[in-house]
file target20.pdb (PDB, C-alpha atoms)
ATOM      1  CA  MET A 471      89.766 -61.007   7.481  1.00  0.00           C
ATOM      2  CA  ILE A 472      91.965 -62.476   4.759  1.00  0.00           C
ATOM      3  CA  ASN A 473      95.166 -64.272   5.744  1.00  0.00           C
ATOM      4  CA  VAL A 474      97.764 -63.895   3.007  1.00  0.00           C
ATOM      5  CA  LEU A 475     101.147 -65.286   2.053  1.00  0.00           C
ATOM      6  CA  VAL A 476     103.667 -63.082   0.238  1.00  0.00           C
ATOM      7  CA  ALA A 477     106.373 -65.016  -1.625  1.00  0.00           C
ATOM      8  CA  ASP A 478     109.319 -63.392  -3.428  1.00  0.00           C
ATOM      9  CA  ASP A 479     113.007 -64.291  -3.545  1.00  0.00           C
ATOM     10  CA  GLU A 480     113.861 -60.614  -3.007  1.00  0.00           C
ATOM     11  CA  ILE A 481     113.281 -59.830   0.674  1.00  0.00           C
ATOM     12  CA  PRO A 482     112.789 -56.059   0.154  1.00  0.00           C
ATOM     13  CA  ALA A 483     110.009 -56.867  -2.307  1.00  0.00           C
ATOM     14  CA  VAL A 484     108.384 -59.151   0.290  1.00  0.00           C
ATOM     15  CA  GLU A 485     108.529 -56.458   2.951  1.00  0.00           C
ATOM     16  CA  GLU A 486     107.228 -53.720   0.662  1.00  0.00           C
ATOM     17  CA  LEU A 487     104.225 -55.770  -0.441  1.00  0.00           C
ATOM     18  CA  ALA A 488     103.561 -56.916   3.134  1.00  0.00           C
ATOM     19  CA  PHE A 489     103.636 -53.278   4.254  1.00  0.00           C
ATOM     20  CA  LEU A 490     101.086 -52.246   1.623  1.00  0.00           C
ATOM     21  CA  LEU A 491      98.835 -55.185   2.445  1.00  0.00           C
ATOM     22  CA  GLY A 492      99.077 -54.417   6.153  1.00  0.00           C
ATOM     23  CA  ARG A 493      97.475 -51.026   5.530  1.00  0.00           C
ATOM     24  CA  ASP A 494      94.319 -52.700   4.194  1.00  0.00           C
ATOM     25  CA  GLU A 495      91.808 -53.363   6.970  1.00  0.00           C
ATOM     26  CA  ARG A 496      90.540 -56.446   5.142  1.00  0.00           C
ATOM     27  CA  ILE A 497      93.888 -58.194   5.574  1.00  0.00           C
ATOM     28  CA  GLY A 498      94.544 -60.351   8.643  1.00  0.00           C
ATOM     29  CA  THR A 499      97.760 -62.289   9.194  1.00  0.00           C
ATOM     30  CA  ILE A 500     100.541 -61.801   6.647  1.00  0.00           C
ATOM     31  CA  TYR A 501     102.942 -64.730   6.184  1.00  0.00           C
ATOM     32  CA  ARG A 502     106.236 -64.262   4.361  1.00  0.00           C
ATOM     33  CA  ALA A 503     108.385 -66.539   2.211  1.00  0.00           C
ATOM     34  CA  SER A 504     111.640 -65.719   0.440  1.00  0.00           C
ATOM     35  CA  SER A 505     111.650 -68.800  -1.793  1.00  0.00           C
ATOM     36  CA  GLY A 506     109.245 -71.128  -3.521  1.00  0.00           C
ATOM     37  CA  THR A 507     110.157 -73.920  -1.123  1.00  0.00           C
ATOM     38  CA  GLN A 508     109.328 -71.763   1.890  1.00  0.00           C
ATOM     39  CA  ALA A 509     106.058 -70.797   0.261  1.00  0.00           C
ATOM     40  CA  LEU A 510     105.023 -74.441  -0.160  1.00  0.00           C
ATOM     41  CA  ARG A 511     105.849 -75.147   3.494  1.00  0.00           C
ATOM     42  CA  ALA A 512     103.821 -72.143   4.618  1.00  0.00           C
ATOM     43  CA  LEU A 513     100.846 -73.267   2.551  1.00  0.00           C
ATOM     44  CA  GLU A 514     100.963 -76.657   4.277  1.00  0.00           C
ATOM     45  CA  ALA A 515     101.350 -75.238   7.789  1.00  0.00           C
ATOM     46  CA  GLU A 516      99.310 -72.035   7.845  1.00  0.00           C
ATOM     47  CA  PRO A 517      95.663 -71.070   7.166  1.00  0.00           C
ATOM     48  CA  VAL A 518      96.272 -69.048   3.999  1.00  0.00           C
ATOM     49  CA  ASP A 519      93.331 -67.537   2.114  1.00  0.00           C
ATOM     50  CA  ALA A 520      95.349 -65.852  -0.632  1.00  0.00           C
ATOM     51  CA  VAL A 521      98.913 -65.974  -1.912  1.00  0.00           C
ATOM     52  CA  PHE A 522     100.829 -63.223  -3.693  1.00  0.00           C
ATOM     53  CA  LEU A 523     103.474 -64.965  -5.791  1.00  0.00           C
ATOM     54  CA  ASP A 524     106.507 -63.659  -7.606  1.00  0.00           C
ATOM     55  CA  ILE A 525     106.707 -65.678 -10.815  1.00  0.00           C
ATOM     56  CA  HIS A 526     110.470 -65.813 -11.289  1.00  0.00           C
ATOM     57  CA  MET A 527     111.815 -67.516  -8.170  1.00  0.00           C
ATOM     58  CA  PRO A 528     114.716 -70.003  -8.359  1.00  0.00           C
ATOM     59  CA  VAL A 529     114.177 -73.754  -7.803  1.00  0.00           C
ATOM     60  CA  VAL A 530     110.391 -73.471  -7.409  1.00  0.00           C
ATOM     61  CA  SER A 531     108.724 -70.734  -9.466  1.00  0.00           C
ATOM     62  CA  GLY A 532     105.449 -68.985  -8.743  1.00  0.00           C
ATOM     63  CA  LEU A 533     103.801 -70.838 -11.626  1.00  0.00           C
ATOM     64  CA  GLU A 534     104.907 -74.172 -10.164  1.00  0.00           C
ATOM     65  CA  ILE A 535     103.451 -73.199  -6.786  1.00  0.00           C
ATOM     66  CA  ALA A 536     100.148 -72.320  -8.461  1.00  0.00           C
ATOM     67  CA  ARG A 537     100.092 -75.710 -10.178  1.00  0.00           C
ATOM     68  CA  ALA A 538     100.792 -77.402  -6.835  1.00  0.00           C
ATOM     69  CA  ILE A 539      97.886 -75.488  -5.258  1.00  0.00           C
ATOM     70  CA  ALA A 540      95.576 -76.622  -8.076  1.00  0.00           C
ATOM     71  CA  ARG A 541      96.625 -80.254  -7.653  1.00  0.00           C
ATOM     72  CA  SER A 542      96.358 -80.268  -3.864  1.00  0.00           C
ATOM     73  CA  GLY A 543      92.730 -79.274  -3.647  1.00  0.00           C
ATOM     74  CA  GLN A 544      93.622 -76.238  -1.547  1.00  0.00           C
ATOM     75  CA  GLN A 545      91.752 -73.144  -2.599  1.00  0.00           C
ATOM     76  CA  PRO A 546      93.735 -70.046  -1.646  1.00  0.00           C
ATOM     77  CA  ALA A 547      93.304 -67.306  -4.218  1.00  0.00           C
ATOM     78  CA  VAL A 548      96.424 -66.763  -6.336  1.00  0.00           C
ATOM     79  CA  VAL A 549      97.719 -63.338  -7.350  1.00  0.00           C
ATOM     80  CA  PHE A 550     100.903 -63.173  -9.421  1.00  0.00           C
ATOM     81  CA  VAL A 551     103.321 -60.307  -8.865  1.00  0.00           C
ATOM     82  CA  THR A 552     106.009 -59.816 -11.488  1.00  0.00           C
ATOM     83  CA  ALA A 553     108.123 -57.279 -13.347  1.00  0.00           C
ATOM     84  CA  ASP A 554     107.070 -58.524 -16.794  1.00  0.00           C
ATOM     85  CA  GLU A 555     103.961 -59.616 -18.654  1.00  0.00           C
ATOM     86  CA  ASP A 556     105.326 -62.639 -20.496  1.00  0.00           C
ATOM     87  CA  CYS A 557     103.464 -65.169 -18.350  1.00  0.00           C
ATOM     88  CA  ALA A 558     100.087 -63.432 -18.140  1.00  0.00           C
ATOM     89  CA  LEU A 559      98.288 -65.920 -20.385  1.00  0.00           C
ATOM     90  CA  GLU A 560      99.610 -68.947 -18.509  1.00  0.00           C
ATOM     91  CA  ALA A 561      98.836 -67.261 -15.194  1.00  0.00           C
ATOM     92  CA  PHE A 562      95.166 -66.879 -16.002  1.00  0.00           C
ATOM     93  CA  GLU A 563      95.019 -70.412 -17.377  1.00  0.00           C
ATOM     94  CA  LEU A 564      95.975 -71.385 -13.812  1.00  0.00           C
ATOM     95  CA  ALA A 565      92.911 -69.469 -12.572  1.00  0.00           C
ATOM     96  CA  ALA A 566      94.869 -66.587 -11.091  1.00  0.00           C
ATOM     97  CA  VAL A 567      92.665 -63.942  -9.520  1.00  0.00           C
ATOM     98  CA  ASP A 568      94.944 -61.155 -10.667  1.00  0.00           C
ATOM     99  CA  TYR A 569      98.289 -60.292 -12.246  1.00  0.00           C
ATOM    100  CA  LEU A 570     100.169 -57.355 -10.700  1.00  0.00           C
ATOM    101  CA  LEU A 571     103.098 -55.632 -12.335  1.00  0.00           C
ATOM    102  CA  LYS A 572     105.976 -54.312 -10.252  1.00  0.00           C
ATOM    103  CA  PRO A 573     106.306 -51.768  -8.820  1.00  0.00           C
ATOM    104  CA  VAL A 574     102.944 -52.439  -7.187  1.00  0.00           C
ATOM    105  CA  ARG A 575     100.751 -49.398  -6.623  1.00  0.00           C
ATOM    106  CA  ALA A 576      98.612 -49.231  -3.477  1.00  0.00           C
ATOM    107  CA  GLU A 577      95.377 -48.531  -5.363  1.00  0.00           C
ATOM    108  CA  ARG A 578      95.990 -51.416  -7.771  1.00  0.00           C
ATOM    109  CA  LEU A 579      96.742 -53.749  -4.860  1.00  0.00           C
ATOM    110  CA  ALA A 580      93.493 -52.719  -3.171  1.00  0.00           C
ATOM    111  CA  LYS A 581      91.647 -53.780  -6.317  1.00  0.00           C
ATOM    112  CA  SER A 582      93.273 -57.220  -6.094  1.00  0.00           C
ATOM    113  CA  VAL A 583      92.134 -57.568  -2.492  1.00  0.00           C
ATOM    114  CA  SER A 584      88.612 -56.634  -3.592  1.00  0.00           C
ATOM    115  CA  ARG A 585      88.727 -59.387  -6.206  1.00  0.00           C
ATOM    116  CA  ILE A 586      89.790 -61.886  -3.561  1.00  0.00           C
ATOM    117  CA  CYS A 587      86.851 -60.769  -1.425  1.00  0.00           C
ATOM    118  CA  GLU A 588      84.486 -61.291  -4.358  1.00  0.00           C
ATOM    119  CA  LEU A 589      85.625 -64.905  -4.709  1.00  0.00           C
ATOM    120  CA  ARG A 590      85.243 -65.513  -0.973  1.00  0.00           C
ATOM    121  CA  GLU A 591      81.685 -64.206  -1.216  1.00  0.00           C
ATOM    122  CA  GLY A 592      80.949 -66.809  -3.862  1.00  0.00           C
ATOM    123  CA  ARG A 593      80.644 -64.479  -6.839  1.00  0.00           C
ATOM    124  CA  ASP A 594      81.276 -65.914 -10.273  1.00  0.00           C
ATOM    125  CA  ALA A 595      84.729 -65.406 -11.747  1.00  0.00           C
ATOM    126  CA  PRO A 596      84.673 -62.549 -14.283  1.00  0.00           C
ATOM    127  CA  GLU A 597      85.073 -63.121 -17.990  1.00  0.00           C
ATOM    128  CA  MET A 598      88.637 -62.649 -19.188  1.00  0.00           C
ATOM    129  CA  ILE A 599      89.510 -61.059 -22.528  1.00  0.00           C
ATOM    130  CA  THR A 600      92.700 -61.910 -24.436  1.00  0.00           C
ATOM    131  CA  VAL A 601      94.391 -58.883 -25.996  1.00  0.00           C
ATOM    132  CA  ASP A 602      97.694 -58.174 -27.692  1.00  0.00           C
ATOM    133  CA  GLN A 603      99.826 -55.167 -26.820  1.00  0.00           C
ATOM    134  CA  GLY A 604     103.267 -54.494 -28.246  1.00  0.00           C
ATOM    135  CA  GLY A 605     103.801 -58.134 -29.169  1.00  0.00           C
ATOM    136  CA  THR A 606     102.744 -59.326 -25.685  1.00  0.00           C
ATOM    137  CA  THR A 607      99.574 -61.298 -25.012  1.00  0.00           C
ATOM    138  CA  ARG A 608      97.645 -60.082 -21.991  1.00  0.00           C
ATOM    139  CA  MET A 609      94.511 -61.137 -20.177  1.00  0.00           C
ATOM    140  CA  ILE A 610      92.197 -58.404 -18.897  1.00  0.00           C
ATOM    141  CA  ARG A 611      88.942 -58.619 -16.997  1.00  0.00           C
ATOM    142  CA  ARG A 612      85.861 -57.539 -18.902  1.00  0.00           C
ATOM    143  CA  ASP A 613      84.568 -55.708 -15.834  1.00  0.00           C
ATOM    144  CA  ASP A 614      87.683 -53.501 -15.956  1.00  0.00           C
ATOM    145  CA  ILE A 615      86.593 -52.123 -19.339  1.00  0.00           C
ATOM    146  CA  SER A 616      84.871 -48.757 -18.910  1.00  0.00           C
ATOM    147  CA  TYR A 617      84.009 -48.119 -22.545  1.00  0.00           C
ATOM    148  CA  VAL A 618      84.717 -49.345 -26.072  1.00  0.00           C
ATOM    149  CA  GLN A 619      85.472 -47.132 -29.046  1.00  0.00           C
ATOM    150  CA  ALA A 620      84.877 -48.136 -32.665  1.00  0.00           C
ATOM    151  CA  GLN A 621      87.862 -47.881 -34.994  1.00  0.00           C
ATOM    152  CA  GLY A 622      86.771 -49.277 -38.343  1.00  0.00           C
ATOM    153  CA  ASP A 623      86.590 -53.070 -38.175  1.00  0.00           C
ATOM    154  CA  TYR A 624      88.424 -52.888 -34.852  1.00  0.00           C
ATOM    155  CA  ALA A 625      87.384 -51.857 -31.344  1.00  0.00           C
ATOM    156  CA  ARG A 626      89.516 -50.159 -28.698  1.00  0.00           C
ATOM    157  CA  LEU A 627      88.883 -51.346 -25.139  1.00  0.00           C
ATOM    158  CA  HIS A 628      89.492 -48.636 -22.546  1.00  0.00           C
ATOM    159  CA  THR A 629      90.450 -49.482 -18.946  1.00  0.00           C
ATOM    160  CA  ALA A 630      91.803 -47.306 -16.137  1.00  0.00           C
ATOM    161  CA  GLU A 631      95.349 -48.418 -16.937  1.00  0.00           C
ATOM    162  CA  ALA A 632      95.534 -48.643 -20.728  1.00  0.00           C
ATOM    163  CA  SER A 633      93.632 -49.212 -23.960  1.00  0.00           C
ATOM    164  CA  TYR A 634      93.759 -52.277 -26.198  1.00  0.00           C
ATOM    165  CA  LEU A 635      92.865 -52.723 -29.854  1.00  0.00           C
ATOM    166  CA  ILE A 636      91.049 -55.923 -30.833  1.00  0.00           C
ATOM    167  CA  ARG A 637      89.860 -57.041 -34.249  1.00  0.00           C
ATOM    168  CA  VAL A 638      86.158 -57.236 -33.416  1.00  0.00           C
ATOM    169  CA  PRO A 639      83.533 -54.773 -34.714  1.00  0.00           C
ATOM    170  CA  LEU A 640      81.721 -52.687 -32.119  1.00  0.00           C
ATOM    171  CA  SER A 641      78.366 -54.053 -33.318  1.00  0.00           C
ATOM    172  CA  ASP A 642      79.463 -57.591 -32.402  1.00  0.00           C
ATOM    173  CA  LEU A 643      80.536 -56.526 -28.905  1.00  0.00           C
ATOM    174  CA  GLU A 644      77.232 -54.694 -28.467  1.00  0.00           C
ATOM    175  CA  GLN A 645      75.355 -57.973 -28.941  1.00  0.00           C
ATOM    176  CA  GLN A 646      77.788 -60.181 -27.010  1.00  0.00           C
ATOM    177  CA  TRP A 647      78.109 -57.894 -23.975  1.00  0.00           C
ATOM    178  CA  ALA A 648      74.563 -56.604 -23.577  1.00  0.00           C
ATOM    179  CA  ASP A 649      73.856 -58.945 -20.654  1.00  0.00           C
ATOM    180  CA  ALA A 650      77.060 -57.749 -18.932  1.00  0.00           C
ATOM    181  CA  GLY A 651      75.776 -54.185 -18.636  1.00  0.00           C
ATOM    182  CA  PHE A 652      77.222 -52.625 -21.793  1.00  0.00           C
ATOM    183  CA  ILE A 653      75.002 -50.261 -23.754  1.00  0.00           C
ATOM    184  CA  ARG A 654      75.469 -48.528 -27.102  1.00  0.00           C
ATOM    185  CA  ILE A 655      75.276 -44.734 -26.778  1.00  0.00           C
ATOM    186  CA  HIS A 656      76.668 -43.684 -30.154  1.00  0.00           C
ATOM    187  CA  ARG A 657      77.786 -45.286 -33.391  1.00  0.00           C
ATOM    188  CA  SER A 658      81.341 -44.961 -32.047  1.00  0.00           C
ATOM    189  CA  TYR A 659      80.849 -45.861 -28.366  1.00  0.00           C
ATOM    190  CA  LEU A 660      79.736 -48.722 -26.164  1.00  0.00           C
ATOM    191  CA  VAL A 661      79.841 -48.030 -22.405  1.00  0.00           C
ATOM    192  CA  SER A 662      79.723 -50.116 -19.247  1.00  0.00           C
ATOM    193  CA  LEU A 663      76.955 -48.874 -16.952  1.00  0.00           C
ATOM    194  CA  ASN A 664      79.047 -50.007 -13.971  1.00  0.00           C
ATOM    195  CA  HIS A 665      81.621 -47.325 -14.837  1.00  0.00           C
ATOM    196  CA  VAL A 666      79.227 -44.467 -15.549  1.00  0.00           C
ATOM    197  CA  GLY A 667      79.711 -41.451 -13.311  1.00  0.00           C
ATOM    198  CA  ASN A 668      76.841 -39.250 -14.495  1.00  0.00           C
ATOM    199  CA  ILE A 669      74.564 -38.794 -17.491  1.00  0.00           C
ATOM    200  CA  LYS A 670      73.148 -35.638 -19.057  1.00  0.00           C
ATOM    201  CA  LEU A 671      69.960 -36.320 -20.984  1.00  0.00           C
ATOM    202  CA  ALA A 672      69.178 -32.783 -22.123  1.00  0.00           C
ATOM    203  CA  ALA A 673      67.811 -32.512 -25.648  1.00  0.00           C
ATOM    204  CA  THR A 674      70.869 -30.528 -26.686  1.00  0.00           C
ATOM    205  CA  GLY A 675      74.222 -32.178 -26.172  1.00  0.00           C
ATOM    206  CA  PRO A 676      73.314 -35.355 -24.206  1.00  0.00           C
ATOM    207  CA  SER A 677      76.409 -37.063 -22.850  1.00  0.00           C
ATOM    208  CA  VAL A 678      77.734 -39.585 -20.367  1.00  0.00           C
ATOM    209  CA  ARG A 679      80.834 -39.365 -18.188  1.00  0.00           C
ATOM    210  CA  VAL A 680      82.719 -42.654 -17.985  1.00  0.00           C
ATOM    211  CA  ALA A 681      85.939 -42.996 -16.001  1.00  0.00           C
ATOM    212  CA  GLY A 682      86.547 -39.254 -16.237  1.00  0.00           C
ATOM    213  CA  THR A 683      85.861 -39.076 -19.990  1.00  0.00           C
ATOM    214  CA  GLU A 684      82.772 -37.365 -21.387  1.00  0.00           C
ATOM    215  CA  LEU A 685      81.244 -39.194 -24.342  1.00  0.00           C
ATOM    216  CA  PRO A 686      78.359 -38.056 -26.570  1.00  0.00           C
ATOM    217  CA  ILE A 687      74.993 -39.792 -26.691  1.00  0.00           C
ATOM    218  CA  SER A 688      73.621 -39.716 -30.217  1.00  0.00           C
ATOM    219  CA  ARG A 689      70.009 -38.740 -30.937  1.00  0.00           C
ATOM    220  CA  ARG A 690      69.439 -42.204 -32.369  1.00  0.00           C
ATOM    221  CA  HIS A 691      70.542 -43.998 -29.197  1.00  0.00           C
ATOM    222  CA  LEU A 692      69.066 -41.562 -26.669  1.00  0.00           C
ATOM    223  CA  PRO A 693      65.683 -43.382 -26.312  1.00  0.00           C
ATOM    224  CA  ALA A 694      67.417 -46.696 -25.545  1.00  0.00           C
ATOM    225  CA  VAL A 695      69.630 -45.016 -22.939  1.00  0.00           C
ATOM    226  CA  ARG A 696      66.565 -43.422 -21.299  1.00  0.00           C
ATOM    227  CA  GLU A 697      64.781 -46.781 -21.275  1.00  0.00           C
ATOM    228  CA  LYS A 698      67.777 -48.518 -19.700  1.00  0.00           C
ATOM    229  CA  LEU A 699      68.038 -45.905 -16.951  1.00  0.00           C
ATOM    230  CA  GLU A 700      64.313 -46.111 -16.233  1.00  0.00           C
ATOM    231  CA  ALA A 701      64.554 -49.893 -15.875  1.00  0.00           C
ATOM    232  CA  THR A 702      67.272 -49.545 -13.234  1.00  0.00           C
ATOM    233  CA  ARG A 703      65.548 -46.791 -11.238  1.00  0.00           C
ATOM    234  CA  VAL A 704      64.790 -47.632  -7.593  1.00  0.00           C
ATOM    235  CA  ARG A 705      61.114 -47.201  -6.716  1.00  0.00           C
ATOM    236  CA  PRO A 706      59.250 -47.357  -3.381  1.00  0.00           C
ATOM    237  CA  GLN A 707      57.569 -50.643  -2.595  1.00  0.00           C
ATOM    238  CA  LEU A 708      53.763 -50.481  -2.873  1.00  0.00           C
TER     239      LEU A 708
END
call {"tool": "encode", "arguments": {"input": "target20.pdb", "output": "structure tokens"}}
result
Amino acid sequence: MINVLVADDEIPAVEELAFLLGRDERIGTIYRASSGTQALRALEAEPVDAVFLDIHMPVVSGLEIARAIARSGQQPAVVFVTADEDCALEAFELAAVDYLLKPVRAERLAKSVSRICELREGRDAPEMITVDQGGTTRMIRRDDISYVQAQGDYARLHTAEASYLIRVPLSDLEQQWADAGFIRIHRSYLVSLNHVGNIKLAATGPSVRVAGTELPISRRHLPAVREKLEATRVRPQL
């Protein structure tokens, strides 16, 4: 069970997030704070495993609390909850586990809890990718990317929430991300095997379904896809 602290200077926001967290069976005790000062006191007094911080709180901001956590040697996981994306880069520089935008959706919150669980199990922190969207710099997790689409000298990264254009050729990403489970299926597509729903390997019209989108497998890349699937097949022990 994960004991969490929810800190926001707007009490309705605290209660709403606490309500959503309370519906998750992985969550234990939920502590509440309506200011940054209260949050710091709670962190000193209570056994907190994770803290959900509003960034823009008066007197002591969420970013300042995260810095205090880093300095203190305490290791509760930090998730920022905010109405804007302006501080995303700084948030991840502070080793935030996640960055939630208000209003928080239940399914997105559940993903944050899963990420906290991963850290508690000792898994390595995922690689973060810096992207620009509408003049705002964002950080996204590489394991959130379901597939990548070539667009000239650029590549479009597709996640469940949005897509992001980066100035990196698809061929470069193919080499850099091979060990992370990405495989080239077409001159225009690179897919994450972790997001694959099903694959059709018929001689006519081979394709792969990724995050609800069906993508073609080219004749040129079909042997490599077959080989990759064969390597991951579970076999009985002799």
call {"tool": "resolve_selection", "arguments": {"input": "target20.pdb", "expression": "the PyMOL selection byres ((chain A and resi 568-581) around 9)", "output": "list in words"}}
result
Leu487, Leu490, Leu491, Asp494, Val548, Val549, Phe550, Val551, Thr552, Ala553, Asp554, Glu555, Ala558, Ala561, Phe562, Ala565, Ala566, Val567, Ser582, Val583, Ser584, Arg585, Ile586 and Met609 of chain A
call {"tool": "atom_distance", "arguments": {"input": "target20.pdb", "atom1": "CA of Ile500 in chain A", "atom2": "CA of Gly532 in chain A"}}
result
17.7 Å
call {"tool": "residues_around", "arguments": {"input": "target20.pdb", "residues": "range 682-693 of chain A", "least_positions_apart": "6", "cutoff": "6 Å", "atoms": "only C-alpha atoms", "output": "ChimeraX atom specification"}}
result
/A:655-656,676
call {"tool": "atom_distance", "arguments": {"input": "target20.pdb", "atom1": "CA of Arg657 in chain A", "atom2": "CA of Ala681 in chain A"}}
result
19.3 Å
call {"tool": "resolve_selection", "arguments": {"input": "target20.pdb", "expression": "the PyMOL selection byres ((chain A and resi 622) around 10)", "output": "CSV table (one decimal) with C-alpha atoms, keeping the file's coordinate frame"}}
result
chain,number,residue,atom,x,y,z
A,619,GLN,CA,85.5,-47.1,-29.0
A,620,ALA,CA,84.9,-48.1,-32.7
A,621,GLN,CA,87.9,-47.9,-35.0
A,623,ASP,CA,86.6,-53.1,-38.2
A,624,TYR,CA,88.4,-52.9,-34.9
A,625,ALA,CA,87.4,-51.9,-31.3
A,637,ARG,CA,89.9,-57.0,-34.2
A,638,VAL,CA,86.2,-57.2,-33.4
A,639,PRO,CA,83.5,-54.8,-34.7
A,640,LEU,CA,81.7,-52.7,-32.1
A,658,SER,CA,81.3,-45.0,-32.0
call {"tool": "residues_around", "arguments": {"input": "target20.pdb", "residues": "range 539-541 of chain A", "least_positions_apart": "5", "cutoff": "10 Å", "atoms": "only C-alpha atoms", "output": "PyMOL selection string"}}
result
chain A and resi 510+513+533-534+546-548+564-565
call {"tool": "residues_around", "arguments": {"input": "target20.pdb", "residues": "Asp479 in chain A", "least_positions_apart": "5", "cutoff": "9 Å", "atoms": "all atoms listed in the file", "output": "MDAnalysis selection string"}}
result
chainID A and resid 484 503:506 524 526:528
